[in-house]
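Source file my_file07.pdb; content: PDB, C-alpha atoms.
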ATOM      1  CA  MET A  14       1.423  -1.830 -30.551  1.00  0.00           C
ATOM      2  CA  ASP A  15      -1.520  -3.029 -28.457  1.00  0.00           C
ATOM      3  CA  LEU A  16       0.938  -4.493 -25.965  1.00  0.00           C
ATOM      4  CA  LEU A  17       2.657  -1.116 -25.510  1.00  0.00           C
ATOM      5  CA  VAL A  18      -0.679   0.639 -24.953  1.00  0.00           C
ATOM      6  CA  GLY A  19      -1.637  -2.011 -22.369  1.00  0.00           C
ATOM      7  CA  ILE A  20       1.677  -1.615 -20.532  1.00  0.00           C
ATOM      8  CA  GLY A  21       1.292   2.186 -20.567  1.00  0.00           C
ATOM      9  CA  CYS A  22      -2.227   1.975 -19.106  1.00  0.00           C
ATOM     10  CA  ALA A  23      -1.094  -0.455 -16.416  1.00  0.00           C
ATOM     11  CA  SER A  24       1.823   1.842 -15.445  1.00  0.00           C
ATOM     12  CA  ALA A  25      -0.500   4.838 -15.272  1.00  0.00           C
ATOM     13  CA  GLY A  26      -2.862   2.870 -13.025  1.00  0.00           C
ATOM     14  CA  LEU A  27      -0.018   1.851 -10.708  1.00  0.00           C
ATOM     15  CA  LEU A  28       1.241   5.424 -10.575  1.00  0.00           C
ATOM     16  CA  ALA A  29      -2.243   6.724  -9.734  1.00  0.00           C
ATOM     17  CA  ALA A  30      -2.631   4.083  -6.999  1.00  0.00           C
ATOM     18  CA  ALA A  31       0.788   4.986  -5.570  1.00  0.00           C
ATOM     19  CA  LEU A  32      -0.070   8.699  -5.538  1.00  0.00           C
ATOM     20  CA  LEU A  33      -3.382   8.001  -3.793  1.00  0.00           C
ATOM     21  CA  GLY A  34      -1.542   5.905  -1.206  1.00  0.00           C
ATOM     22  CA  VAL A  35       0.938   8.700  -0.506  1.00  0.00           C
ATOM     23  CA  ALA A  36      -1.878  11.273  -0.253  1.00  0.00           C
ATOM     24  CA  TYR A  37      -3.688   9.002   2.218  1.00  0.00           C
ATOM     25  CA  ARG A  38      -0.575   8.536   4.375  1.00  0.00           C
ATOM     26  CA  LEU A  39       0.042  12.283   4.495  1.00  0.00           C
ATOM     27  CA  GLY A  40      -3.553  12.935   5.549  1.00  0.00           C
ATOM     28  CA  LEU A  41      -4.334  14.972   2.446  1.00  0.00           C
ATOM     29  CA  LEU A  42      -7.497  12.994   1.666  1.00  0.00           C
ATOM     30  CA  TYR A  43      -8.771  13.563   5.222  1.00  0.00           C
ATOM     31  CA  GLN A  44      -8.129  17.299   4.962  1.00  0.00           C
ATOM     32  CA  LEU A  45      -9.941  17.410   1.633  1.00  0.00           C
ATOM     33  CA  CYS A  46     -13.071  15.818   3.107  1.00  0.00           C
ATOM     34  CA  HIS A  47     -13.045  17.567   6.507  1.00  0.00           C
ATOM     35  CA  LYS A  48     -12.793  21.307   6.057  1.00  0.00           C
ATOM     36  CA  VAL A  49     -12.172  23.601   9.020  1.00  0.00           C
ATOM     37  CA  ASP A  50     -13.693  27.043   9.091  1.00  0.00           C
ATOM     38  CA  PRO A  51     -10.673  29.397   8.909  1.00  0.00           C
ATOM     39  CA  ARG A  52     -12.663  32.111  10.704  1.00  0.00           C
ATOM     40  CA  SER A  53     -13.064  29.925  13.791  1.00  0.00           C
ATOM     41  CA  PRO A  54     -11.027  31.400  16.645  1.00  0.00           C
ATOM     42  CA  ARG A  55     -11.011  28.189  18.735  1.00  0.00           C
ATOM     43  CA  HIS A  56     -10.417  24.472  18.404  1.00  0.00           C
ATOM     44  CA  GLY A  57     -12.045  21.431  19.995  1.00  0.00           C
ATOM     45  CA  GLY A  58      -9.504  21.175  22.795  1.00  0.00           C
ATOM     46  CA  GLU A  59     -10.479  24.612  24.069  1.00  0.00           C
ATOM     47  CA  LEU A  60     -14.157  23.682  24.030  1.00  0.00           C
ATOM     48  CA  VAL A  61     -13.510  20.494  26.031  1.00  0.00           C
ATOM     49  CA  ALA A  62     -11.385  22.405  28.551  1.00  0.00           C
ATOM     50  CA  GLU A  63     -14.102  25.036  29.002  1.00  0.00           C
ATOM     51  CA  VAL A  64     -16.684  22.359  29.761  1.00  0.00           C
ATOM     52  CA  LEU A  65     -14.348  20.694  32.267  1.00  0.00           C
ATOM     53  CA  LYS A  66     -13.683  24.030  33.972  1.00  0.00           C
ATOM     54  CA  ALA A  67     -17.421  24.812  34.091  1.00  0.00           C
ATOM     55  CA  HIS A  68     -17.960  21.514  35.927  1.00  0.00           C
ATOM     56  CA  GLY A  69     -15.351  22.371  38.538  1.00  0.00           C
ATOM     57  CA  VAL A  70     -12.637  19.959  37.431  1.00  0.00           C
ATOM     58  CA  ARG A  71      -9.317  20.800  39.109  1.00  0.00           C
ATOM     59  CA  PHE A  72      -7.133  17.950  37.871  1.00  0.00           C
ATOM     60  CA  LEU A  73      -6.871  16.170  34.535  1.00  0.00           C
ATOM     61  CA  PHE A  74      -5.026  12.855  34.651  1.00  0.00           C
ATOM     62  CA  ALA A  75      -3.805  11.615  31.297  1.00  0.00           C
ATOM     63  CA  LEU A  76      -1.363   9.607  29.270  1.00  0.00           C
ATOM     64  CA  ALA A  77      -0.217  12.420  27.005  1.00  0.00           C
ATOM     65  CA  GLY A  78      -0.151  11.986  23.270  1.00  0.00           C
ATOM     66  CA  GLY A  79      -0.421  14.050  20.128  1.00  0.00           C
ATOM     67  CA  HIS A  80      -4.099  13.269  19.653  1.00  0.00           C
ATOM     68  CA  ILE A  81      -5.149  14.721  23.028  1.00  0.00           C
ATOM     69  CA  SER A  82      -2.529  17.448  23.366  1.00  0.00           C
ATOM     70  CA  PRO A  83      -4.948  20.254  22.331  1.00  0.00           C
ATOM     71  CA  VAL A  84      -7.149  19.349  25.319  1.00  0.00           C
ATOM     72  CA  LEU A  85      -4.149  19.230  27.658  1.00  0.00           C
ATOM     73  CA  VAL A  86      -2.756  22.589  26.502  1.00  0.00           C
ATOM     74  CA  ALA A  87      -6.134  24.312  26.710  1.00  0.00           C
ATOM     75  CA  SER A  88      -6.757  22.841  30.179  1.00  0.00           C
ATOM     76  CA  GLU A  89      -3.432  24.184  31.432  1.00  0.00           C
ATOM     77  CA  LYS A  90      -4.317  27.640  30.089  1.00  0.00           C
ATOM     78  CA  LEU A  91      -7.588  27.606  32.038  1.00  0.00           C
ATOM     79  CA  GLY A  92      -5.910  26.589  35.285  1.00  0.00           C
ATOM     80  CA  ILE A  93      -6.750  22.889  35.300  1.00  0.00           C
ATOM     81  CA  ARG A  94      -3.719  20.986  36.557  1.00  0.00           C
ATOM     82  CA  VAL A  95      -2.642  18.276  34.094  1.00  0.00           C
ATOM     83  CA  VAL A  96      -1.007  15.219  35.645  1.00  0.00           C
ATOM     84  CA  ASP A  97       0.809  13.089  33.079  1.00  0.00           C
ATOM     85  CA  THR A  98       1.158   9.370  33.799  1.00  0.00           C
ATOM     86  CA  ARG A  99       2.819   6.473  32.042  1.00  0.00           C
ATOM     87  CA  HIS A 100      -0.264   4.242  31.871  1.00  0.00           C
ATOM     88  CA  GLU A 101      -4.031   4.748  31.743  1.00  0.00           C
ATOM     89  CA  ALA A 102      -4.528   2.534  34.797  1.00  0.00           C
ATOM     90  CA  THR A 103      -2.113   4.699  36.777  1.00  0.00           C
ATOM     91  CA  ALA A 104      -4.106   7.763  35.777  1.00  0.00           C
ATOM     92  CA  VAL A 105      -7.288   6.186  37.121  1.00  0.00           C
ATOM     93  CA  PHE A 106      -5.651   5.209  40.412  1.00  0.00           C
ATOM     94  CA  ALA A 107      -4.127   8.684  40.807  1.00  0.00           C
ATOM     95  CA  ALA A 108      -7.469  10.383  40.150  1.00  0.00           C
ATOM     96  CA  ASP A 109      -9.143   8.113  42.681  1.00  0.00           C
ATOM     97  CA  ALA A 110      -6.458   8.805  45.289  1.00  0.00           C
ATOM     98  CA  VAL A 111      -6.628  12.586  44.850  1.00  0.00           C
ATOM     99  CA  SER A 112     -10.404  12.493  45.070  1.00  0.00           C
ATOM    100  CA  ARG A 113     -10.405  10.404  48.248  1.00  0.00           C
ATOM    101  CA  LEU A 114      -7.591  12.272  49.983  1.00  0.00           C
ATOM    102  CA  SER A 115      -8.928  15.735  49.190  1.00  0.00           C
ATOM    103  CA  GLY A 116     -12.412  14.915  50.429  1.00  0.00           C
ATOM    104  CA  ALA A 117     -13.919  16.041  47.151  1.00  0.00           C
ATOM    105  CA  ASP A 118     -17.658  16.107  46.744  1.00  0.00           C
ATOM    106  CA  VAL A 119     -19.288  13.323  44.804  1.00  0.00           C
ATOM    107  CA  GLU A 120     -20.775  15.913  42.457  1.00  0.00           C
ATOM    108  CA  ARG A 121     -17.398  17.340  41.462  1.00  0.00           C
ATOM    109  CA  GLY A 122     -14.766  14.881  40.392  1.00  0.00           C
ATOM    110  CA  ASP A 123     -11.500  14.808  38.575  1.00  0.00           C
ATOM    111  CA  VAL A 124     -11.129  13.557  35.025  1.00  0.00           C
ATOM    112  CA  VAL A 125      -9.036  10.857  33.431  1.00  0.00           C
ATOM    113  CA  LEU A 126      -8.361  11.413  29.756  1.00  0.00           C
ATOM    114  CA  GLY A 127      -7.070   8.401  27.872  1.00  0.00           C
ATOM    115  CA  THR A 128      -7.109   6.482  24.668  1.00  0.00           C
ATOM    116  CA  PHE A 129      -7.525   2.833  23.902  1.00  0.00           C
ATOM    117  CA  PHE A 130      -5.492   0.774  21.468  1.00  0.00           C
ATOM    118  CA  CYS A 131      -7.549  -1.700  19.514  1.00  0.00           C
ATOM    119  CA  PRO A 132      -5.518  -4.589  18.071  1.00  0.00           C
ATOM    120  CA  SER A 133      -8.250  -5.775  15.733  1.00  0.00           C
ATOM    121  CA  PRO A 134     -10.984  -3.897  13.885  1.00  0.00           C
ATOM    122  CA  GLY A 135     -13.742  -6.141  15.248  1.00  0.00           C
ATOM    123  CA  GLY A 136     -12.414  -6.262  18.806  1.00  0.00           C
ATOM    124  CA  CYS A 137     -13.009  -2.618  19.761  1.00  0.00           C
ATOM    125  CA  GLY A 138     -16.771  -2.769  19.461  1.00  0.00           C
ATOM    126  CA  ILE A 139     -16.915  -5.909  21.527  1.00  0.00           C
ATOM    127  CA  THR A 140     -14.327  -4.967  24.155  1.00  0.00           C
ATOM    128  CA  TYR A 141     -15.046  -1.302  24.755  1.00  0.00           C
ATOM    129  CA  GLY A 142     -18.737  -1.165  23.948  1.00  0.00           C
TER     130      GLY A 142
END
As C-alpha coordinates:
Amino acid sequence: MDLLVGIGCASAGLLAAALLGVAYRLGLLYQLCHKVDPRSPRHGGELVAEVLKAHGVRFLFALAGGHISPVLVASEKLGIRVVDTRHEATAVFAADAVSRLSGADVERGDVVLGTFFCPSPGGCGITYG
(Lines of atoms letter the chains of each structure in order from A and count residues from 1; the text may use other names and numbers.)
(Lines give C-alpha, C1' and ligand atoms only; values in the text may rest on other atoms or scores of the structure.)
Protein backbone atom coordinates (compact mmCIF):
# COMPACT_ATOMS: atom_id res chain seq x y z
CA MET A 1 0.00 0.00 0.00
CA ASP A 2 2.83 2.40 0.83
CA LEU A 3 4.40 1.60 -2.53
CA LEU A 4 1.22 2.60 -4.38
CA VAL A 5 1.00 5.89 -2.47
CA GLY A 6 4.66 6.61 -3.30
CA ILE A 7 4.11 5.88 -7.00
CA GLY A 8 1.00 8.10 -7.02
CA CYS A 9 2.90 11.00 -5.42
CA ALA A 10 5.78 10.62 -7.87
CA SER A 11 3.36 10.62 -10.85
CA ALA A 12 1.62 13.72 -9.53
CA GLY A 13 4.99 15.45 -9.16
CA LEU A 14 5.99 14.55 -12.72
CA LEU A 15 2.64 15.74 -14.03
CA ALA A 16 2.98 19.05 -12.17
CA ALA A 17 6.52 19.51 -13.52
CA ALA A 18 5.33 18.75 -17.06
CA LEU A 19 2.47 21.25 -16.77
CA LEU A 20 4.84 23.93 -15.48
CA GLY A 21 7.18 23.23 -18.40
CA VAL A 22 4.36 23.61 -20.92
CA ALA A 23 3.16 26.83 -19.25
CA TYR A 24 6.71 28.20 -19.42
CA ARG A 25 7.09 27.33 -23.11
CA LEU A 26 3.78 29.00 -23.96
CA GLY A 27 4.80 32.16 -22.11
CA LEU A 28 1.96 31.87 -19.61
CA LEU A 29 4.26 32.30 -16.60
CA TYR A 30 5.72 35.48 -18.13
CA GLN A 31 2.26 36.91 -18.74
CA LEU A 32 1.26 36.10 -15.17
CA CYS A 33 4.22 38.05 -13.75
CA HIS A 34 4.21 40.96 -16.22
CA LYS A 35 0.78 42.51 -16.42
CA VAL A 36 -0.06 45.09 -19.08
CA ASP A 37 -2.47 47.88 -18.31
CA PRO A 38 -5.47 47.17 -20.59
CA ARG A 39 -6.37 50.87 -20.58
CA SER A 40 -3.05 51.79 -22.20
CA PRO A 41 -3.68 53.01 -25.75
CA ARG A 42 -0.06 52.55 -26.90
CA HIS A 43 2.76 50.03 -26.80
CA GLY A 44 6.52 50.36 -26.43
CA GLY A 45 7.18 50.33 -30.16
CA GLU A 46 5.13 53.49 -30.61
CA LEU A 47 7.03 55.22 -27.82
CA VAL A 48 10.40 54.33 -29.38
CA ALA A 49 9.23 55.53 -32.80
CA GLU A 50 8.04 58.84 -31.34
CA VAL A 51 11.43 59.46 -29.75
CA LEU A 52 13.21 58.63 -33.01
CA LYS A 53 10.93 60.99 -34.94
CA ALA A 54 11.47 63.76 -32.36
CA HIS A 55 15.22 63.44 -32.93
CA GLY A 56 14.84 63.84 -36.67
CA VAL A 57 15.56 60.25 -37.70
CA ARG A 58 14.56 59.66 -41.33
CA PHE A 59 15.76 56.09 -41.85
CA LEU A 60 15.73 53.02 -39.62
CA PHE A 61 18.02 50.22 -40.77
CA ALA A 62 17.23 46.84 -39.28
CA LEU A 63 17.29 43.09 -39.51
CA ALA A 64 13.57 42.53 -39.05
CA GLY A 65 12.29 40.06 -36.53
CA GLY A 66 9.25 39.45 -34.38
CA HIS A 67 10.84 41.01 -31.31
CA ILE A 68 11.40 44.41 -32.95
CA SER A 69 8.44 44.44 -35.32
CA PRO A 70 6.36 46.79 -33.09
CA VAL A 71 9.10 49.42 -33.44
CA LEU A 72 9.30 48.91 -37.20
CA VAL A 73 5.53 49.14 -37.72
CA ALA A 74 5.20 52.24 -35.54
CA SER A 75 8.15 53.90 -37.32
CA GLU A 76 6.54 53.31 -40.71
CA LYS A 77 3.30 54.88 -39.45
CA LEU A 78 5.19 58.01 -38.38
CA GLY A 79 6.95 58.37 -41.72
CA ILE A 80 10.34 56.94 -40.80
CA ARG A 81 11.57 54.83 -43.70
CA VAL A 82 12.46 51.29 -42.59
CA VAL A 83 15.22 49.60 -44.57
CA ASP A 84 15.34 45.85 -43.98
CA THR A 85 18.69 44.10 -44.41
CA ARG A 86 19.87 40.52 -44.18
CA HIS A 87 22.63 41.13 -41.62
CA GLU A 88 23.30 43.62 -38.83
CA ALA A 89 26.66 44.56 -40.35
CA THR A 90 24.95 45.40 -43.64
CA ALA A 91 22.53 47.64 -41.77
CA VAL A 92 25.43 49.55 -40.22
CA PHE A 93 27.19 49.98 -43.57
CA ALA A 94 23.96 51.11 -45.24
CA ALA A 95 23.26 53.66 -42.50
CA ASP A 96 26.80 54.98 -42.80
CA ALA A 97 26.52 55.25 -46.59
CA VAL A 98 23.19 57.09 -46.49
CA SER A 99 24.52 59.47 -43.88
CA ARG A 100 27.68 60.25 -45.85
CA LEU A 101 25.99 60.54 -49.24
CA SER A 102 23.12 62.72 -48.02
CA GLY A 103 25.43 65.14 -46.25
CA ALA A 104 23.51 64.72 -43.02
CA ASP A 105 24.42 66.80 -40.03
CA VAL A 106 26.43 65.18 -37.28
CA GLU A 107 23.67 66.06 -34.83
CA ARG A 108 21.00 64.16 -36.74
CA GLY A 109 21.80 60.63 -37.72
CA ASP A 110 20.07 57.52 -38.87
CA VAL A 111 19.46 54.54 -36.63
CA VAL A 112 20.41 50.90 -36.84
CA LEU A 113 18.12 48.60 -34.89
CA GLY A 114 19.45 45.11 -34.30
CA THR A 115 19.69 42.23 -31.93
CA PHE A 116 22.57 40.11 -30.80
CA PHE A 117 22.62 36.35 -30.46
CA CYS A 118 24.49 35.14 -27.42
CA PRO A 119 25.68 31.53 -27.68
CA SER A 120 26.51 31.19 -24.00
CA PRO A 121 24.95 32.76 -20.91
CA GLY A 122 28.29 34.06 -19.63
CA GLY A 123 29.54 35.29 -23.00
CA CYS A 124 27.06 38.14 -23.53
CA GLY A 125 28.21 40.18 -20.56
CA ILE A 126 31.81 39.84 -21.59
CA THR A 127 31.37 40.31 -25.34
CA TYR A 128 28.75 43.03 -25.54
CA GLY A 129 29.41 44.88 -22.31
I would like the residues chosen by the PyMOL selection byres ((chain A and resi 100-109) around 9) on the shown file; could you give them as a count of residues only? 22
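For the choices A:Gly26, A:Gly40, A:His68, A:Gly58, the atom-to-atom distance to Ala87 (chain A) is smallest for A:Gly58 when using all atoms listed in the file.
What separates CA of Glu59 (chain A) from CA of Cys46 (chain A) is a distance of 22.9 Å.
Relative to CA of Val61 (chain A), CA of Leu41 (chain A) is found at 25.9 Å.
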Quick one: everything within 8 Å of Arg71 (chain A), counting all atoms listed in the file, minus sequence neighbours fewer than 4 positions away in the same chain. Send it as a list of chain:residue names. A:Lys66, A:Gly92, A:Ile93, A:Arg94, A:Asp123
What is the distance between CA of Gly34 (chain A) and CA of His56 (chain A), in Å to one decimal?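 So the two atoms, CA of Gly34 (chain A) and CA of His56 (chain A), lie 28.4 Å apart.
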Is it possible to get the residues within 12 Å of (-12.2, 24.0, 24.3) (coordinates as in the file, counting only C-alpha atoms) written as a PyMOL selection string? chain A and resi 54-67+81-91
